[in-house]
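This report concerns only the one structure given below.
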Amino acid sequence: MTSVSPTYARRTPRRSRMALGATAVVVVIVIVIGGWAAYAQASSGSGKADVIKAVGAENEYGNVLGQIGGRYVHVSSILNNPNTDPHTFESSPSVAEEVSAAQLIVQNGVGYDTFMNKIESASPNPGRKVITVQSLLGLPNSTPNPHLWYSPRTMPAAANAMAEDLSELDPGHAAYFQANLKRFDASLAPWFDAIAAFKAQHHGVTVATTEPVADYLLTAMGITNLTPFQFQADIMNGVDPSPQDVTLENGFFTHHAVKVFVYNEQVVDSLTTSILLGALKAGVPVVGVYETMPTPGYDYQSWMLAEVKAIEKAIEDHVSTQRI
C-alpha cells in the first residue's frame with residue numbers, strides 16, 4: 001500500500017475547507033484527464049491491470065482495503081498524515097492522478113471528503129466502483145458527526161462492501177477476498193471485547209472533549225461526554241465557541257467533573273492548547289485521538305484498540321496518553 005502526500009493549509013470551516021478552489025479544480029481536471037488516458041493506454045494491452053488499483057480517501061479505509069485485497073490490490077491513501085489537520089486538505093496533481101486511475105474508491109461521505117466527488121466527476125468512468133460509507137450506513141447528509149470510522153459498526157460494513165466489489169472486479173480471486181474479509185472480521189474481536197469490558201466496569205464515567213472525533217467510540221464504551229455538542233462542532237468547523245461554552249469547558253477541569261480529557265491531536269490552535277493546558281494543570285489525564293490513522297506501527301484494528309486502552313489507562317491509572 002502506498003500513500004499520496006497531500007498539501008495542507010490553515011483551518012477554515014469544514015463544509016468549505018474540504019473543497020477545492022477554482023484554480024485547483026482546473027489543475028485537477030487537466031491532470032485527471034491526462035492521468036486516466038495514460039492509465040487506459042497502459043492497461044489496454046492486457047485488457048486489465050495486474051492488480052486492482054484502489055484508493056482510500058482516508059488511510060483508515062485504505063488500510064482495510066489493503067487487508068481485504070491483499071496481493072491483488074494496489075492501494076493509495078489520500079489523507080494519510082497524522083501530524084496535520086485533515087480538514088484543511090487541498091488536492092494536488094498526484095492525488096487527481098491516483099483517483100482518476102482507481103477502479104475502486106472508498107470514501108467517508110457526510111461532507112468530510114467532498115474533494116473526492118469533484119475529482120471523480122472530472123474523470124467519469126462507468127466501470128469505477130465507489131463505496132461511500134455514509135450510504136452504507138444509511139446516514140443522512142445532516143449527520144452532525146462525520147468521524148464514522150470510530151463507530152464499531154462502520155468498518156465491518158465497509159469491509160464487506162470492499163470484498164464484494166473486489167470480487168466483482170476480479171472474480172477469479174473472490175474466494176481469496178472473502179477469506180481475507182473473514183480474517184479481518186475475526187481480528188476486530190479484541191477491540192469489541194475491550195469496549196464491552198470497559199462499558200461493564202466504567203459505564204457512565206464522564207469525559208470532556210474538544211471535538212466529536214471519537215464520540216461514536218465514547219458512546220459505545222458507555223462514556224458520558226459532558227462537553228456540549230455545539231462547542232465540539234464549533235471547534236470542528238473552525239468557529240470560535242461562545243465565551244460561555246469555553247468557561248463551561250474549563251470548569252469541567254477546575255471542578256473535577258470529568259475523569260479524562262479527550263483531545264484531537266491533529267487540530268491544534270491557541271484555544272485548544274489553552275484548554276489542554278488547563279486540563280493538565282488540574283490533574284485531568286489527557287488522551288489524544290486522531291482523524292487519520294497513525295503510521296507506521298498500526299493497522300485499523302490495533303489503532304482502535306489502542307485508543308480504548310489509552311482511555312482505560314487514564315481512568316484506572318490516571319495516566320495521560322497524548323500521543324499513541
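Residue names in the C-alpha cells use chain letters A, B, ... in the order shown, residue numbers from 1 in each chain, and ligand numbers from 1 in the order shown.
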
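If you count only C-alpha atoms and ignore residues fewer than 4 places along the chain from range 122-135 of chain A, what sits within 6 Å of it is Ile29, Val32, Ser100, Gln103, Leu104, Ile105, Val106, Gln107, Asn108, Gly109 and Leu139 of chain A.
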
Keeping only C-alpha atoms, write the selected residues to a file as a tab-separated table (two decimals), in the first residue's frame.
```
chain	number	residue	atom	x	y	z
A	29	ILE	CA	-9.30	18.34	-14.41
A	32	VAL	CA	-7.12	13.73	-14.28
A	100	SER	CA	-8.57	9.06	-11.90
A	103	GLN	CA	-11.03	1.07	-10.18
A	104	LEU	CA	-12.34	1.09	-6.61
A	105	ILE	CA	-12.63	4.06	-4.25
A	106	VAL	CA	-13.70	4.09	-0.62
A	107	GLN	CA	-14.66	7.44	0.87
A	108	ASN	CA	-16.33	8.59	4.06
A	109	GLY	CA	-19.07	10.98	2.94
A	139	LEU	CA	-26.92	8.16	7.18
```

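By only C-alpha atoms, and with residues fewer than 3 positions from Ser187 in chain A along its chain excluded, the set lying at most 12 Å from it is Val64, Gln67, Met155, Pro156, Asn180, Leu181, Lys182, Arg183, Phe184, Pro190, Trp191, Phe192, Asp193, Asp299, Tyr300, Gln301, Ser302, Met304 and Leu305 of chain A.
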
Write a file of the selected residues as a PDB file, in the first residue's frame, keeping C-alpha atoms.
```pdb
ATOM      1  CA  VAL A  64      -8.670  -2.042   5.460  1.00  0.00           C
ATOM      2  CA  GLN A  67      -6.161  -6.082   4.269  1.00  0.00           C
ATOM      3  CA  MET A 155     -15.724  -0.898   9.356  1.00  0.00           C
ATOM      4  CA  PRO A 156     -17.380  -4.333   9.272  1.00  0.00           C
ATOM      5  CA  ASN A 180      -9.464 -12.013   3.994  1.00  0.00           C
ATOM      6  CA  LEU A 181     -12.806 -10.493   4.988  1.00  0.00           C
ATOM      7  CA  LYS A 182     -13.436 -13.356   7.405  1.00  0.00           C
ATOM      8  CA  ARG A 183      -9.960 -12.900   8.870  1.00  0.00           C
ATOM      9  CA  PHE A 184     -10.487  -9.143   9.223  1.00  0.00           C
ATOM     10  CA  PRO A 190     -10.148  -7.806  20.784  1.00  0.00           C
ATOM     11  CA  TRP A 191     -11.430  -4.274  20.125  1.00  0.00           C
ATOM     12  CA  PHE A 192     -15.046  -5.261  20.617  1.00  0.00           C
ATOM     13  CA  ASP A 193     -14.184  -7.191  23.764  1.00  0.00           C
ATOM     14  CA  ASP A 299      -3.473  -1.082  11.312  1.00  0.00           C
ATOM     15  CA  TYR A 300      -7.088  -0.027  11.761  1.00  0.00           C
ATOM     16  CA  GLN A 301      -7.988  -2.574  14.424  1.00  0.00           C
ATOM     17  CA  SER A 302      -4.829  -2.083  16.531  1.00  0.00           C
ATOM     18  CA  MET A 304      -8.869   1.490  17.644  1.00  0.00           C
ATOM     19  CA  LEU A 305      -7.833  -0.923  20.396  1.00  0.00           C
TER      20      LEU A 305
END
```

How close does range 154-258 of chain A get to range 280-294 of chain A? List, as JSON lines, each residue of range 154-258 of chain A within 10 Å, its nearest atom pair and the distance in Å to one decimal, counting only C-alpha atoms.
```
{"residue": "A:Val207", "atom": "CA", "partner": "A:Val284", "partner_atom": "CA", "distance": 9.6}
{"residue": "A:Ala208", "atom": "CA", "partner": "A:Val286", "partner_atom": "CA", "distance": 9.7}
{"residue": "A:Thr209", "atom": "CA", "partner": "A:Val287", "partner_atom": "CA", "distance": 9.6}
{"residue": "A:Glu211", "atom": "CA", "partner": "A:Val289", "partner_atom": "CA", "distance": 9.8}
{"residue": "A:Val213", "atom": "CA", "partner": "A:Glu291", "partner_atom": "CA", "distance": 6.7}
{"residue": "A:Ala214", "atom": "CA", "partner": "A:Val289", "partner_atom": "CA", "distance": 6.9}
{"residue": "A:Asn250", "atom": "CA", "partner": "A:Ala282", "partner_atom": "CA", "distance": 9.7}
{"residue": "A:Phe252", "atom": "CA", "partner": "A:Val284", "partner_atom": "CA", "distance": 9.5}
{"residue": "A:Phe253", "atom": "CA", "partner": "A:Ala282", "partner_atom": "CA", "distance": 5.8}
{"residue": "A:Thr254", "atom": "CA", "partner": "A:Ala282", "partner_atom": "CA", "distance": 5.9}
{"residue": "A:His255", "atom": "CA", "partner": "A:Ala282", "partner_atom": "CA", "distance": 8.7}
{"residue": "A:His256", "atom": "CA", "partner": "A:Ala282", "partner_atom": "CA", "distance": 7.7}
{"residue": "A:Ala257", "atom": "CA", "partner": "A:Val284", "partner_atom": "CA", "distance": 9.6}
{"residue": "A:Val258", "atom": "CA", "partner": "A:Val284", "partner_atom": "CA", "distance": 7.6}
```

Hey, what does DSSP flag as helix (DSSP H, G or I) within range 86-290 of chain A? Can you give it to me as a PyMOL selection string? chain A and resi 86-88+93-101+114-122+133-136+148-150+154-169+171-187+189-202+215-220+229-236+243-254+270-281

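When only C-alpha atoms are used to compute distances to Asp113 in chain A, the closest of the residues A:Ser77, A:Glu164, A:Thr219, A:Ala57 turns out to be A:Ala57.
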
Which residues in range 61-243 of chain A does DSSP call strand (DSSP E)? List them as a PyMOL selection string. chain A and resi 73-79+89-90+104-107+129-132+206-209+224-225

Which polymer residues have any atom within 9 Å of an atom of range 168-179 of chain A, counting only C-alpha atoms, with same-chain residues fewer than 6 positions away left out, as JSON, numbers by chain? {"A": [51, 52, 68, 69, 70, 72, 103, 104, 129, 160, 162]}

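When CA of Leu137 in chain A is paired with CA of Pro296 in chain A, their separation reads 28.8 Å.
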